[in-house]
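Trainee: Just one file: input-v1.cif, with mmCIF, C-alpha atoms and all ligand atoms.
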```cif
data_target
loop_
_atom_site.group_PDB
_atom_site.id
_atom_site.type_symbol
_atom_site.label_atom_id
_atom_site.label_comp_id
_atom_site.auth_asym_id
_atom_site.auth_seq_id
_atom_site.Cartn_x
_atom_site.Cartn_y
_atom_site.Cartn_z
ATOM 1 C CA MET A 1 0.000 0.000 0.000
ATOM 2 C CA ARG A 2 1.418 3.414 -0.957
ATOM 3 C CA VAL A 3 0.906 5.732 1.987
ATOM 4 C CA SER A 4 2.073 9.291 2.558
ATOM 5 C CA ASP A 5 5.254 9.892 4.535
ATOM 6 C CA LYS A 6 3.416 11.665 7.363
ATOM 7 C CA ARG A 7 4.483 10.756 10.886
ATOM 8 C CA ILE A 8 1.689 10.034 13.345
ATOM 9 C CA VAL A 9 1.308 10.452 17.104
ATOM 10 C CA LEU A 10 -1.461 8.583 18.916
ATOM 11 C CA THR A 11 -2.871 10.068 22.086
ATOM 12 C CA GLY A 12 -5.819 9.284 24.331
ATOM 13 C CA PHE A 13 -6.697 8.222 27.841
ATOM 14 C CA MET A 14 -5.237 5.218 29.656
ATOM 15 C CA GLY A 15 -6.840 2.009 28.486
ATOM 16 C CA VAL A 16 -8.111 3.332 25.150
ATOM 17 C CA GLY A 17 -5.730 1.063 23.213
ATOM 18 C CA LYS A 18 -3.104 3.452 21.798
ATOM 19 C CA SER A 19 -0.306 0.867 21.601
ATOM 20 C CA THR A 20 -2.535 -1.764 20.002
ATOM 21 C CA VAL A 21 -3.830 0.614 17.323
ATOM 22 C CA ALA A 22 -0.247 1.783 16.723
ATOM 23 C CA ARG A 23 0.920 -1.812 16.192
ATOM 24 C CA HIS A 24 -1.861 -2.411 13.651
ATOM 25 C CA LEU A 25 -0.974 0.855 11.909
ATOM 26 C CA SER A 26 2.626 -0.210 11.714
ATOM 27 C CA ARG A 27 1.704 -3.585 10.172
ATOM 28 C CA LEU A 28 -0.686 -2.007 7.698
ATOM 29 C CA THR A 29 1.756 0.649 6.499
ATOM 30 C CA GLY A 30 5.227 -0.785 7.068
ATOM 31 C CA LYS A 31 6.093 2.327 9.084
ATOM 32 C CA ARG A 32 8.114 1.819 12.249
ATOM 33 C CA HIS A 33 6.313 2.167 15.561
ATOM 34 C CA VAL A 34 7.699 3.182 18.921
ATOM 35 C CA ASP A 35 5.831 3.260 22.216
ATOM 36 C CA LEU A 36 6.975 6.086 24.464
ATOM 37 C CA ASP A 37 6.381 4.227 27.749
ATOM 38 C CA ALA A 38 8.353 1.225 26.443
ATOM 39 C CA LEU A 39 11.194 3.539 25.463
ATOM 40 C CA ILE A 40 11.209 5.120 28.929
ATOM 41 C CA GLU A 41 11.247 1.676 30.538
ATOM 42 C CA THR A 42 14.220 0.590 28.442
ATOM 43 C CA SER A 43 16.131 3.776 29.158
ATOM 44 C CA LEU A 44 15.603 3.531 32.941
ATOM 45 C CA SER A 45 15.678 -0.274 33.121
ATOM 46 C CA ARG A 46 12.497 -0.323 35.179
ATOM 47 C CA SER A 47 8.788 -0.041 34.691
ATOM 48 C CA VAL A 48 6.935 3.243 34.380
ATOM 49 C CA ALA A 49 4.905 2.265 37.452
ATOM 50 C CA THR A 50 8.027 1.684 39.571
ATOM 51 C CA THR A 51 9.551 4.953 38.333
ATOM 52 C CA ILE A 52 6.464 6.952 39.319
ATOM 53 C CA GLU A 53 6.167 5.167 42.675
ATOM 54 C CA GLU A 54 9.836 5.542 43.587
ATOM 55 C CA GLU A 55 10.851 8.848 41.967
ATOM 56 C CA GLY A 56 7.535 10.681 41.728
ATOM 57 C CA ILE A 57 5.456 11.952 38.847
ATOM 58 C CA ASP A 58 7.564 15.089 38.232
ATOM 59 C CA PHE A 59 10.681 13.004 37.618
ATOM 60 C CA PHE A 60 8.707 10.732 35.288
ATOM 61 C CA ARG A 61 7.370 13.728 33.324
ATOM 62 C CA GLU A 62 10.936 15.078 32.894
ATOM 63 C CA VAL A 63 12.174 11.757 31.525
ATOM 64 C CA GLU A 64 9.071 11.463 29.343
ATOM 65 C CA THR A 65 9.762 14.850 27.722
ATOM 66 C CA GLU A 66 13.424 13.950 27.140
ATOM 67 C CA ARG A 67 12.587 10.615 25.468
ATOM 68 C CA LEU A 68 9.870 12.345 23.451
ATOM 69 C CA ARG A 69 12.354 14.966 22.248
ATOM 70 C CA GLU A 70 14.751 12.208 21.141
ATOM 71 C CA VAL A 71 12.180 10.124 19.346
ATOM 72 C CA LEU A 72 10.722 13.123 17.535
ATOM 73 C CA ALA A 73 14.197 13.913 16.247
ATOM 74 C CA ASP A 74 14.595 10.364 14.909
ATOM 75 C CA PRO A 75 12.951 10.132 11.478
ATOM 76 C CA LYS A 76 13.040 6.341 11.412
ATOM 77 C CA PHE A 77 10.059 6.249 13.789
ATOM 78 C CA SER A 78 6.892 7.289 11.981
ATOM 79 C CA ILE A 79 4.254 6.023 14.407
ATOM 80 C CA LEU A 80 4.496 7.016 18.034
ATOM 81 C CA SER A 81 2.099 5.912 20.776
ATOM 82 C CA LEU A 82 2.203 8.222 23.789
ATOM 83 C CA GLY A 83 1.399 7.586 27.431
ATOM 84 C CA GLY A 84 -2.002 8.905 28.471
ATOM 85 C CA GLY A 85 -0.505 12.000 30.109
ATOM 86 C CA THR A 86 2.123 12.963 27.530
ATOM 87 C CA TRP A 87 -0.106 15.135 25.351
ATOM 88 C CA THR A 88 -1.625 16.868 28.406
ATOM 89 C CA VAL A 89 1.721 18.566 29.140
ATOM 90 C CA GLU A 90 2.004 21.802 27.182
ATOM 91 C CA ARG A 91 5.732 21.558 26.449
ATOM 92 C CA ASN A 92 5.157 18.099 24.936
ATOM 93 C CA ARG A 93 2.386 19.404 22.689
ATOM 94 C CA ASP A 94 4.702 22.199 21.553
ATOM 95 C CA LEU A 95 7.492 19.734 20.762
ATOM 96 C CA ILE A 96 5.162 17.498 18.758
ATOM 97 C CA ARG A 97 3.738 20.406 16.774
ATOM 98 C CA GLU A 98 7.190 21.886 16.102
ATOM 99 C CA SER A 99 8.269 18.502 14.730
ATOM 100 C CA GLY A 100 5.350 18.539 12.299
ATOM 101 C CA LEU A 101 3.744 15.244 13.294
ATOM 102 C CA VAL A 102 0.056 14.582 12.763
ATOM 103 C CA THR A 103 -1.733 14.033 16.064
ATOM 104 C CA VAL A 104 -4.543 11.529 16.416
ATOM 105 C CA TRP A 105 -6.802 11.343 19.443
ATOM 106 C CA LEU A 106 -8.379 7.972 20.089
ATOM 107 C CA GLU A 107 -11.596 9.070 21.673
ATOM 108 C CA THR A 108 -13.923 6.843 23.642
ATOM 109 C CA THR A 109 -16.089 6.727 26.726
ATOM 110 C CA PHE A 110 -14.800 6.607 30.259
ATOM 111 C CA ASP A 111 -16.494 3.231 30.763
ATOM 112 C CA HIS A 112 -14.589 1.723 27.829
ATOM 113 C CA CYS A 113 -11.265 2.900 29.307
ATOM 114 C CA TRP A 114 -12.231 1.822 32.803
ATOM 115 C CA ARG A 115 -13.085 -1.706 31.654
ATOM 116 C CA ASN A 116 -9.678 -1.980 29.951
ATOM 117 C CA ILE A 117 -7.818 -0.472 32.925
ATOM 118 C CA ARG A 118 -9.487 -2.980 35.244
ATOM 119 C CA SER A 119 -8.773 -5.993 33.049
ATOM 120 C CA SER A 120 -5.213 -5.026 32.112
ATOM 121 C CA ARG A 121 -2.102 -6.319 33.863
ATOM 122 C CA LYS A 122 -0.350 -2.956 33.354
ATOM 123 C CA LYS A 123 0.160 -1.166 36.684
ATOM 124 C CA ARG A 124 -1.042 2.436 36.540
ATOM 125 C CA PRO A 125 -0.073 4.352 39.693
ATOM 126 C CA LEU A 126 -2.130 7.404 38.694
ATOM 127 C CA VAL A 127 -5.284 5.316 38.940
ATOM 128 C CA LYS A 128 -6.500 5.357 42.551
ATOM 129 C CA ASN A 129 -10.210 4.621 42.206
ATOM 130 C CA LYS A 130 -13.034 4.925 39.692
ATOM 131 C CA GLU A 131 -14.293 8.398 40.632
ATOM 132 C CA GLN A 132 -10.817 9.968 40.737
ATOM 133 C CA THR A 133 -10.028 8.363 37.365
ATOM 134 C CA ARG A 134 -13.283 9.621 35.853
ATOM 135 C CA LYS A 135 -12.374 13.147 37.009
ATOM 136 C CA LEU A 136 -8.947 12.868 35.362
ATOM 137 C CA PHE A 137 -10.623 11.616 32.167
ATOM 138 C CA GLU A 138 -12.992 14.599 32.136
ATOM 139 C CA GLU A 139 -10.204 17.108 32.837
ATOM 140 C CA ARG A 140 -8.077 15.734 30.032
ATOM 141 C CA GLU A 141 -10.718 15.594 27.308
ATOM 142 C CA LYS A 142 -10.350 19.295 26.514
ATOM 143 C CA LEU A 143 -6.617 18.765 25.934
ATOM 144 C CA TYR A 144 -6.914 15.586 23.838
ATOM 145 C CA CYS A 145 -9.435 17.566 21.830
ATOM 146 C CA LEU A 146 -6.576 19.770 20.571
ATOM 147 C CA ALA A 147 -5.253 16.898 18.431
ATOM 148 C CA ASP A 148 -5.507 17.250 14.635
ATOM 149 C CA TRP A 149 -7.675 14.173 14.160
ATOM 150 C CA HIS A 150 -10.287 12.472 16.335
ATOM 151 C CA PHE A 151 -11.263 8.845 15.847
ATOM 152 C CA VAL A 152 -14.079 7.564 17.992
ATOM 153 C CA ILE A 153 -13.775 4.033 19.293
ATOM 154 C CA GLY A 154 -17.383 2.925 19.567
ATOM 155 C CA SER A 155 -18.748 -0.359 20.816
ATOM 156 C CA GLY A 156 -18.868 -1.894 17.315
ATOM 157 C CA TYR A 157 -15.254 -1.044 16.461
ATOM 158 C CA ASN A 158 -12.079 -2.885 17.258
ATOM 159 C CA SER A 159 -8.538 -1.537 17.140
ATOM 160 C CA PHE A 160 -7.866 -3.014 13.697
ATOM 161 C CA ASP A 161 -10.907 -1.202 12.241
ATOM 162 C CA ILE A 162 -9.662 2.059 13.730
ATOM 163 C CA ALA A 163 -6.161 1.548 12.336
ATOM 164 C CA GLN A 164 -7.663 0.944 8.875
ATOM 165 C CA GLN A 165 -9.744 4.071 9.203
ATOM 166 C CA ILE A 166 -6.678 6.129 10.179
ATOM 167 C CA VAL A 167 -4.780 4.819 7.164
ATOM 168 C CA ALA A 168 -7.664 5.670 4.832
ATOM 169 C CA ASP A 169 -8.353 9.146 6.215
ATOM 170 C CA VAL A 170 -4.906 10.374 7.237
ATOM 171 C CA LEU A 171 -2.315 8.441 5.263
ATOM 172 C CA LEU A 172 -3.690 7.683 1.841
ATOM 173 C CA PRO A 173 -2.560 10.511 -0.431
ATOM 174 C CA GLU A 174 -5.903 10.762 -2.200
ATOM 175 C CA SER A 175 -7.607 11.571 1.093
ATOM 176 C CA GLY A 176 -8.323 15.264 0.838
ATOM 177 C CA LYS A 177 -9.533 15.532 4.423
ATOM 178 C CA THR A 178 -7.802 17.900 6.804
ATOM 179 C CA GLY A 179 -8.661 16.609 10.248
ATOM 180 C CA ARG A 180 -11.181 16.269 13.124
HETATM 181 C C1 LIG A 201 -0.091 7.904 32.326
HETATM 182 C C2 LIG A 201 -0.413 6.880 31.459
HETATM 183 C C3 LIG A 201 0.390 5.667 31.319
HETATM 184 C C4 LIG A 201 1.843 5.950 31.704
HETATM 185 C C5 LIG A 201 1.917 6.594 33.055
HETATM 186 C C6 LIG A 201 1.160 7.912 33.123
HETATM 187 C C7 LIG A 201 -1.007 9.073 32.407
HETATM 188 O O1 LIG A 201 0.344 5.170 29.980
HETATM 189 O O2 LIG A 201 2.477 6.767 30.750
HETATM 190 O O3 LIG A 201 1.420 5.691 34.007
HETATM 191 O O4 LIG A 201 -0.606 10.127 32.935
HETATM 192 O O5 LIG A 201 -2.159 8.942 31.924
HETATM 193 P P1 LIG A 201 -0.991 4.489 29.343
HETATM 194 O O6 LIG A 201 -1.842 5.576 28.781
HETATM 195 O O7 LIG A 201 -0.451 3.603 28.267
HETATM 196 O O8 LIG A 201 -1.653 3.735 30.435
#
```
Kindly transcribe the structure held in the file into structure tokens.
Mentor:
Amino acid sequence: MRVSDKRIVLTGFMGVGKSTVARHLSRLTGKRHVDLDALIETSLSRSVATTIEEEGIDFFREVETERLREVLADPKFSILSLGGGTWTVERNRDLIRESGLVTVWLETTFDHCWRNIRSSRKKRPLVKNKEQTRKLFEEREKLYCLADWHFVIGSGYNSFDIAQQIVADVLLPESGKTGR
């Protein structure tokens, strides 16, 4: 499939499925994918959860911005899945925009994310309980909303469908659409 050379960033709340959609996108397009949390874990030789628990969230955010800066400067990575908080930090949004990447928000309901958070084995130290997590979700929506493109993950869609939709709308050169 001949796709445009645009580089894509996937953002969205914890549990929405950013890494899974990114992996499908990578398979569909042949573009290389990198997951920011995985990169942070490799660079620190410990999990994101342990880093936040032991060093605090401010330290984690500093490292996150540094790894983001590096990966944005590396043209071999064309698909980047962020952590749920990366895009909510203004300096990260500025870096992404300055690097000219196309931003895609995977939008869904809180209940969808909550189900995935509950069933996942990934430890998420920022998740304390359902009501606090719902509040975080609601606070962040207005920031995710700033992304160039929004793709809604509804009940009838799976991550492969969404990846196909992103390819068709964002990456196929004949797509004349401009976002949202
Ligand atoms: C975070 C989301 C996590 C991870 C860290 C902080 C957040 O990634 O980066 O625990 O602030 O929402 P996922 O979105 O993959 O869970």
Trainee: Residue by residue, what does the PyMOL selection byres (((not hetatm)) within 8 of (chain A and resi 201)) grab here? Present the result as a PyMOL selection string.
Mentor: chain A and resi 12-19+36-37+48-49+52+82-86+117+122-126
Trainee: Which residues would end up in the selection if the PyMOL selection byres (((chain A and resi 67) around 12) and not hetatm) were applied here, given that I need the answer as JSON, numbers by chain?
Mentor: {"A": [34, 35, 36, 37, 38, 39, 40, 41, 42, 43, 44, 60, 61, 62, 63, 64, 65, 66, 68, 69, 70, 71, 72, 73, 74, 80, 82, 83, 86, 92, 95]}
Trainee: Which residues are near segment 142-150 of chain A? Cut-off 8 Å, all atoms listed in the file, ignore same chain within fewer than 4 positions. Put them as a ChimeraX atom specification.
Mentor: /A:11-12,87-88,102-107,138,179-180
Trainee: If I take atom CA of Leu10 of chain A and atom CA of Ile153 of chain A, how far is one from the other in Å, to one decimal?
Mentor: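 Going from atom CA of Leu10 of chain A over to atom CA of Ile153 of chain A, I get 13.1 Å.
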Trainee: What's the separation between atom CA of Leu101 of chain A and atom CA of Arg7 of chain A, in Å to one decimal place?
Mentor: 5.1 Å
Trainee: Please indicate the distance in Å from atom CA of Asn158 of chain A to atom CA of Thr20 of chain A, rounded to one decimal place.
Mentor: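 Interatomic distance, atom CA of Asn158 of chain A to atom CA of Thr20 of chain A: 10.0 Å.
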Trainee: Enclose segment 96-115 of chain A, meaning all of its atoms listed in the file, in a box aligned along x, y and z, pad it by 8 Å on each side, and list the centre and edge lengths in Å to one decimal, as AutoDock Vina command-line options.
Mentor:
```
--center_x -4.1 --center_y 10.1 --center_z 22.6 --size_x 40.8 --size_y 39.6 --size_z 36.5
```
Trainee: Using the chain letters and numbers from the file, which residues does the PyMOL selection byres (((chain A and resi 30) around 12) and not hetatm) grab, as a PyMOL selection string?
Mentor: chain A and resi 1-5+22-29+31-33+76-79+167
Trainee: Keeping only C-alpha atoms, take the residues you just selected and write them out as an mmCIF file, in the frame of the given file.
Mentor:
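Everything below was put into result.cif:
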```
data_model
loop_
_atom_site.group_PDB
_atom_site.id
_atom_site.type_symbol
_atom_site.label_atom_id
_atom_site.label_comp_id
_atom_site.auth_asym_id
_atom_site.auth_seq_id
_atom_site.Cartn_x
_atom_site.Cartn_y
_atom_site.Cartn_z
ATOM 1 C CA MET A 1 0.000 0.000 0.000
ATOM 2 C CA ARG A 2 1.418 3.414 -0.957
ATOM 3 C CA VAL A 3 0.906 5.732 1.987
ATOM 4 C CA SER A 4 2.073 9.291 2.558
ATOM 5 C CA ASP A 5 5.254 9.892 4.535
ATOM 6 C CA ALA A 22 -0.247 1.783 16.723
ATOM 7 C CA ARG A 23 0.920 -1.812 16.192
ATOM 8 C CA HIS A 24 -1.861 -2.411 13.651
ATOM 9 C CA LEU A 25 -0.974 0.855 11.909
ATOM 10 C CA SER A 26 2.626 -0.210 11.714
ATOM 11 C CA ARG A 27 1.704 -3.585 10.172
ATOM 12 C CA LEU A 28 -0.686 -2.007 7.698
ATOM 13 C CA THR A 29 1.756 0.649 6.499
ATOM 14 C CA LYS A 31 6.093 2.327 9.084
ATOM 15 C CA ARG A 32 8.114 1.819 12.249
ATOM 16 C CA HIS A 33 6.313 2.167 15.561
ATOM 17 C CA LYS A 76 13.040 6.341 11.412
ATOM 18 C CA PHE A 77 10.059 6.249 13.789
ATOM 19 C CA SER A 78 6.892 7.289 11.981
ATOM 20 C CA ILE A 79 4.254 6.023 14.407
ATOM 21 C CA VAL A 167 -4.780 4.819 7.164
#
```
